[in-house]
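Shown next: start.txt, containing compact mmCIF, C-alpha atoms and all ligand atoms.
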```txt
# COMPACT_ATOMS: atom_id res chain seq x y z
CA MET A 1 -16.67 -19.33 20.65
CA THR A 2 -20.40 -19.26 19.89
CA GLY A 3 -20.78 -16.14 22.02
CA ASN A 4 -17.99 -14.42 20.09
CA THR A 5 -19.60 -15.29 16.78
CA LYS A 6 -22.85 -13.65 17.88
CA GLN A 7 -21.00 -10.47 18.74
CA MET A 8 -19.18 -10.30 15.41
CA PRO A 9 -20.12 -7.14 13.52
CA LYS A 10 -22.21 -7.56 10.41
CA ASP A 11 -20.70 -6.53 7.09
CA GLY A 12 -20.45 -2.78 6.98
CA ALA A 13 -20.29 -2.25 10.73
CA PHE A 14 -17.77 0.32 11.89
CA LEU A 15 -14.74 -1.12 13.65
CA PRO A 16 -12.86 1.44 15.72
CA ARG A 17 -9.11 1.31 15.37
CA ASP A 18 -7.23 -0.66 18.00
CA ARG A 19 -4.67 1.85 19.26
CA ASN A 20 -2.41 -0.89 20.57
CA TRP A 21 -2.15 -2.23 17.03
CA GLN A 22 -2.49 0.78 14.74
CA PRO A 23 -0.75 4.15 15.11
CA PRO A 24 -2.32 7.25 16.67
CA ALA A 25 -3.30 10.00 14.23
CA LEU A 26 -0.83 12.29 16.01
CA ALA A 27 2.72 10.92 16.13
CA PRO A 28 4.99 14.00 16.52
CA ALA A 29 8.18 12.20 15.34
CA TYR A 30 6.35 11.93 12.00
CA LYS A 31 6.16 15.68 11.45
CA SER A 32 3.29 15.81 8.92
CA SER A 33 0.98 14.09 11.39
CA ILE A 34 1.00 17.22 13.56
CA LEU A 35 -0.97 19.21 10.97
CA ARG A 36 -2.87 16.27 9.49
CA SER A 37 -4.31 14.84 12.70
CA PRO A 38 -7.77 16.02 13.80
CA GLN A 39 -7.92 18.78 16.40
CA GLN A 40 -11.62 18.32 17.13
CA ALA A 41 -14.10 15.49 17.66
CA LEU A 42 -14.92 13.57 14.47
CA LEU A 43 -18.26 13.89 12.70
CA SER A 44 -19.96 10.95 11.01
CA LEU A 45 -21.13 11.63 7.46
CA ASP A 46 -23.46 9.28 5.57
CA ASN A 47 -22.37 8.25 2.09
CA THR A 48 -24.27 9.58 -0.88
CA LEU A 49 -25.89 7.18 -3.36
CA SER A 50 -23.20 7.73 -5.99
CA GLU A 51 -20.46 7.00 -3.45
CA ILE A 52 -22.09 3.68 -2.55
CA THR A 53 -23.15 2.46 -5.97
CA GLY A 54 -20.38 3.33 -8.39
CA PRO A 55 -18.11 2.71 -10.09
CA VAL A 56 -17.87 -1.02 -10.74
CA PHE A 57 -14.54 -2.12 -12.13
CA GLY A 58 -14.13 -4.85 -14.70
CA HIS A 59 -11.03 -6.53 -16.07
CA SER A 60 -11.95 -5.33 -19.53
CA LEU A 61 -11.18 -1.78 -18.41
CA LEU A 62 -7.50 -2.51 -17.94
CA GLY A 63 -4.89 -2.15 -20.62
CA ARG A 64 -2.50 -4.99 -21.41
CA LEU A 65 0.47 -3.32 -19.71
CA ASP A 66 -1.35 -1.67 -16.79
CA GLY A 67 0.08 -4.22 -14.35
CA ASP A 68 3.56 -4.12 -15.89
CA LEU A 69 5.46 -1.07 -14.64
CA ILE A 70 8.64 -2.29 -16.31
CA HIS A 71 7.08 -1.67 -19.71
CA ASN A 72 3.98 0.52 -19.36
CA PHE A 73 5.96 3.77 -19.65
CA ALA A 74 8.92 2.46 -21.63
CA ARG A 75 9.69 3.15 -25.26
CA ALA A 76 9.01 0.22 -27.59
CA GLY A 77 11.65 -2.45 -27.09
CA GLU A 78 13.03 -0.85 -23.92
CA ALA A 79 12.44 -1.49 -20.22
CA ALA A 80 12.76 0.25 -16.87
CA ILE A 81 16.12 0.06 -15.08
CA GLY A 82 16.30 -1.77 -11.77
CA GLU A 83 15.80 -5.03 -9.93
CA ARG A 84 12.97 -6.80 -11.69
CA ILE A 85 10.34 -8.03 -9.25
CA ILE A 86 6.85 -9.49 -9.16
CA VAL A 87 4.59 -8.23 -6.37
CA HIS A 88 1.62 -10.44 -5.71
CA GLY A 89 -0.78 -11.45 -2.96
CA LYS A 90 -4.38 -11.60 -1.90
CA VAL A 91 -6.94 -9.09 -0.73
CA LEU A 92 -8.85 -10.56 2.21
CA ASP A 93 -11.73 -9.54 4.44
CA GLU A 94 -11.76 -9.77 8.23
CA ALA A 95 -12.66 -13.47 8.09
CA GLY A 96 -9.83 -14.30 5.68
CA ARG A 97 -12.18 -14.61 2.70
CA PRO A 98 -10.81 -13.44 -0.66
CA VAL A 99 -12.23 -10.19 -2.03
CA PRO A 100 -12.59 -10.25 -5.84
CA SER A 101 -12.87 -7.25 -8.20
CA VAL A 102 -10.86 -4.85 -6.06
CA LEU A 103 -9.05 -2.26 -8.17
CA LEU A 104 -5.49 -1.89 -6.91
CA GLU A 105 -3.50 1.13 -8.03
CA VAL A 106 0.18 1.35 -7.17
CA TRP A 107 2.72 4.13 -7.40
CA GLN A 108 6.38 4.20 -6.47
CA ALA A 109 9.78 5.80 -6.92
CA ASN A 110 12.15 4.40 -9.52
CA ALA A 111 15.13 2.16 -8.72
CA GLY A 112 17.14 5.22 -7.64
CA GLY A 113 14.44 6.47 -5.27
CA ARG A 114 13.16 9.23 -7.55
CA TYR A 115 9.48 9.91 -8.26
CA ARG A 116 8.25 11.15 -11.61
CA HIS A 117 6.47 14.14 -10.12
CA ARG A 118 6.89 17.88 -10.71
CA ASN A 119 7.31 18.54 -6.97
CA GLU A 120 10.04 15.92 -6.61
CA ARG A 121 13.30 17.49 -5.38
CA TYR A 122 15.55 14.49 -4.89
CA GLN A 123 18.58 14.68 -7.18
CA ALA A 124 18.56 10.97 -8.15
CA SER A 125 18.09 10.51 -11.90
CA LEU A 126 14.79 9.98 -13.64
CA ASP A 127 14.54 6.78 -15.64
CA PRO A 128 13.12 7.75 -19.06
CA ASN A 129 11.51 4.29 -19.26
CA PHE A 130 9.81 4.29 -15.87
CA GLY A 131 6.57 6.09 -15.01
CA GLY A 132 5.99 4.57 -11.58
CA CYS A 133 2.24 3.84 -11.79
CA GLY A 134 0.24 0.70 -12.46
CA ARG A 135 -3.02 -1.03 -11.66
CA CYS A 136 -4.66 -4.43 -11.56
CA ILE A 137 -7.90 -6.01 -10.34
CA THR A 138 -8.21 -8.97 -7.96
CA ASP A 139 -9.48 -12.19 -9.51
CA GLU A 140 -12.14 -14.55 -8.11
CA ALA A 141 -9.66 -15.84 -5.51
CA GLY A 142 -8.83 -12.27 -4.41
CA ARG A 143 -5.40 -12.49 -6.07
CA TYR A 144 -3.49 -9.64 -7.67
CA ARG A 145 -0.10 -9.49 -9.37
CA PHE A 146 2.05 -6.88 -10.99
CA LEU A 147 5.53 -6.61 -12.40
CA THR A 148 7.83 -3.73 -11.52
CA VAL A 149 11.35 -2.74 -10.42
CA LYS A 150 12.25 -2.50 -6.77
CA PRO A 151 11.99 1.16 -5.72
CA GLY A 152 15.01 2.80 -4.10
CA PRO A 153 14.96 4.49 -0.69
CA TYR A 154 14.82 8.29 -0.69
CA PRO A 155 15.51 11.10 1.79
CA TRP A 156 12.63 13.28 2.99
CA PRO A 157 12.47 16.50 4.97
CA ASN A 158 11.25 15.27 8.36
CA GLY A 159 14.13 15.08 10.80
CA PRO A 160 17.73 16.09 9.90
CA ASN A 161 18.48 12.77 8.12
CA ASP A 162 15.37 10.67 7.54
CA TRP A 163 15.16 8.17 4.68
CA ARG A 164 12.07 6.31 3.55
CA PRO A 165 12.63 2.58 3.23
CA SER A 166 11.93 1.12 -0.23
CA HIS A 167 8.15 1.08 -0.52
CA ILE A 168 5.23 0.87 -2.90
CA HIS A 169 2.06 2.88 -2.32
CA PHE A 170 -1.20 0.97 -2.73
CA SER A 171 -4.72 2.33 -3.24
CA LEU A 172 -7.61 -0.13 -3.14
CA PHE A 173 -11.08 0.61 -4.45
CA GLY A 174 -14.05 -1.54 -3.54
CA THR A 175 -17.25 -0.97 -5.44
CA GLY A 176 -17.43 2.76 -4.82
CA PHE A 177 -15.18 5.79 -4.49
CA ALA A 178 -16.02 6.01 -0.77
CA GLN A 179 -14.39 2.61 -0.31
CA ARG A 180 -10.87 3.69 -1.06
CA LEU A 181 -8.09 2.49 1.24
CA ILE A 182 -4.46 3.56 1.02
CA THR A 183 -1.40 1.86 2.44
CA GLN A 184 2.31 1.24 1.82
CA MET A 185 4.18 -1.97 1.29
CA TYR A 186 7.79 -2.49 2.44
CA PHE A 187 10.38 -5.14 1.56
CA GLU A 188 11.66 -7.91 3.79
CA GLY A 189 15.18 -7.32 5.08
CA ASP A 190 15.30 -3.55 4.59
CA PRO A 191 17.08 -2.03 7.64
CA LEU A 192 15.51 1.38 6.94
CA ILE A 193 12.05 0.07 7.86
CA TRP A 194 12.90 0.10 11.55
CA ARG A 195 14.38 3.62 11.39
CA CYS A 196 11.46 5.24 9.55
CA PRO A 197 9.41 7.71 11.66
CA ILE A 198 6.25 6.82 9.71
CA VAL A 199 6.70 3.11 10.38
CA ARG A 200 7.69 3.79 13.98
CA SER A 201 4.37 5.51 14.63
CA ILE A 202 2.82 2.00 14.47
CA PRO A 203 2.94 0.65 18.04
CA ASP A 204 2.70 -3.10 17.41
CA ARG A 205 5.57 -4.88 15.68
CA ARG A 206 3.15 -7.40 14.16
CA ALA A 207 1.19 -4.57 12.53
CA ILE A 208 4.46 -3.36 10.98
CA GLU A 209 5.34 -6.87 9.84
CA GLN A 210 1.95 -7.02 8.13
CA LEU A 211 3.15 -4.19 5.85
CA ILE A 212 6.34 -6.01 4.85
CA ALA A 213 6.26 -8.12 1.70
CA LEU A 214 8.15 -11.38 2.04
CA LEU A 215 10.64 -12.63 -0.50
CA ASP A 216 8.85 -15.49 -2.27
CA MET A 217 11.35 -17.66 -4.14
CA GLU A 218 8.57 -20.13 -5.09
CA ASN A 219 7.04 -17.60 -7.42
CA THR A 220 10.14 -16.04 -8.90
CA ILE A 221 10.70 -16.35 -12.61
CA PRO A 222 14.19 -17.90 -12.79
CA MET A 223 16.74 -15.69 -14.57
CA ASP A 224 14.15 -12.92 -14.81
CA ALA A 225 12.37 -11.57 -11.68
CA ARG A 226 12.22 -12.26 -7.96
CA ALA A 227 8.80 -12.36 -6.29
CA TYR A 228 7.51 -10.63 -3.17
CA GLU A 229 4.25 -11.62 -1.51
CA PHE A 230 1.99 -9.09 0.18
CA ASP A 231 -1.52 -9.87 1.46
CA ILE A 232 -3.87 -7.06 2.42
CA VAL A 233 -6.59 -7.41 5.08
CA LEU A 234 -9.34 -4.86 4.48
CA ARG A 235 -10.92 -4.65 7.88
CA GLY A 236 -11.34 -6.22 11.28
CA ARG A 237 -9.13 -6.21 14.38
CA ARG A 238 -6.08 -7.29 12.41
CA SER A 239 -6.66 -5.02 9.45
CA THR A 240 -3.73 -3.80 7.39
CA MET A 241 -2.87 -0.26 8.45
CA PHE A 242 -4.54 2.21 6.08
CA GLU A 243 -3.24 5.75 6.30
CA ASN A 244 -6.55 7.31 5.18
CA ARG A 245 -8.67 5.46 7.77
CA LEU A 246 -7.10 6.60 10.99
CA GLU A 247 -10.33 6.24 12.93
CA GLY A 248 -11.02 2.62 11.94
CA ASN A 249 -12.57 0.66 9.11
FE FE B 301 6.59 7.28 -1.23
```

What do you get writing this file as C-alpha cells?
Ligand SMILES: [Fe+2]
Amino acid sequence: MTGNTKQMPKDGAFLPRDRNWQPPALAPAYKSSILRSPQQALLSLDNTLSEITGPVFGHSLLGRLDGDLIHNFARAGEAAIGERIIVHGKVLDEAGRPVPSVLLEVWQANAGGRYRHRNERYQASLDPNFGGCGRCITDEAGRYRFLTVKPGPYPWPNGPNDWRPSHIHFSLFGTGFAQRLITQMYFEGDPLIWRCPIVRSIPDRRAIEQLIALLDMENTIPMDARAYEFDIVLRGRRSTMFENRLEGN
C-alpha cells in the first residue's frame, strides 16, 4: 500500500489511457472514428500561459436560468415539453476528492430527439420553448445540478439503422481553456445504450456503466421532476471516458 502511494503520479502528471477500460481511438463500427483517429504518432505540445491561467469562472457569471433548460429558452410563462428531470452529481478527482468551481456546460436534443441546430436533419419537431443548452458551476463540495427534460433518442447516419440512446453532452472546464473535457451521459434502463456503436467502442462494461446516470428517487421533487445522478471522475485509472482525451488524462 505504502509502495503504491509513492508511485502515485503527482497532480498534473500524464496518465495514459487504459485500453482495457477506455475505447481505442479507432473503432470502425463507429464510422466517424475512422477519419478522426490519429494516423501518425502523437506529438506533445506544451500549454501556453493563457491556456494555463485563464479563465477563472465564478458563480456570479451565471444567469438565474442558466441551469434550468426547461425555462431558459421558453417564452415567459411557458416551459419546455417533455419528462421533467433533475440531473445532478459530483465532479471528483482521481482520489475521489470533490472538485469545486468546474464550469459544466450541457447540450442535448429535445424530448423528441431533435437538436436546435441548423445542420439537424431529423424530422422530429422542434419545441419552440426548448433551446437545449445550459450551464452550472460545481460548489465547494464538487456538486452540480440542473433541471431539464429527458432528451429523446435519435437516428444517425452510421450503419443502416443506428439510433443514439437518450443522452446529454457534457463539457467541463477547469481553470483554463486547455482543461476542457467532453463526455456524454446516458440514462439507466435505456435498451439503446447497449446497441449504440459509440458506446460499444468502450471495451469494459464498468466504464460504460460509469456513463449511465442512475434514477435517484431520493432527490426527485414529488409531482414535479424525477432525479438522475451522474458523478464524473476527471482523471486517474478509473476516469470517466472523455471523447476529446483519447490518449489519456
Ligand atoms: Fe448528441

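For the pair atom CA of Gly82 of chain A and atom CA of Lys150 of chain A, the separation is 6.5 Å.
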
Length of the atom CA of Asn20 of chain A to atom CA of Phe230 of chain A vector [Å]: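 Between atom CA of Asn20 of chain A and atom CA of Phe230 of chain A the gap is 22.4 Å.
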
Near-ligand residues for ligand FE 301 (chain B), threshold 9 Å, only C-alpha atoms and all ligand atoms, as a ChimeraX atom specification: /A:107-109,113,115,153-154,164-169,184

Give me, as a short mmCIF file (atom, residue, chain, number, x, y, z; two decimals) with C-alpha atoms, in the frame of the given file, all polymer residues having an atom no more than 9 Å from segment 156-161 of chain A, counting all atoms listed in the file and skipping those fewer than 4 positions away in the same chain.
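out_6.cif, written as the output of this step:
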```cif
data_model
loop_
_atom_site.label_atom_id
_atom_site.label_comp_id
_atom_site.auth_asym_id
_atom_site.auth_seq_id
_atom_site.Cartn_x
_atom_site.Cartn_y
_atom_site.Cartn_z
CA ALA A 29 8.18 12.20 15.34
CA TYR A 30 6.35 11.93 12.00
CA LYS A 31 6.16 15.68 11.45
CA SER A 32 3.29 15.81 8.92
CA TYR A 122 15.55 14.49 -4.89
CA PRO A 197 9.41 7.71 11.66
#
```

Interatomic distance (Å, one decimal) between atom CA of Ile193 of chain A and atom CA of Ile208 of chain A: 8.9 Å

Using all atoms listed in the file: which of A:Pro191, A:Pro38, A:Gly236, A:Gly89 has the shortest distance to Asn219 of chain A: A:Gly89
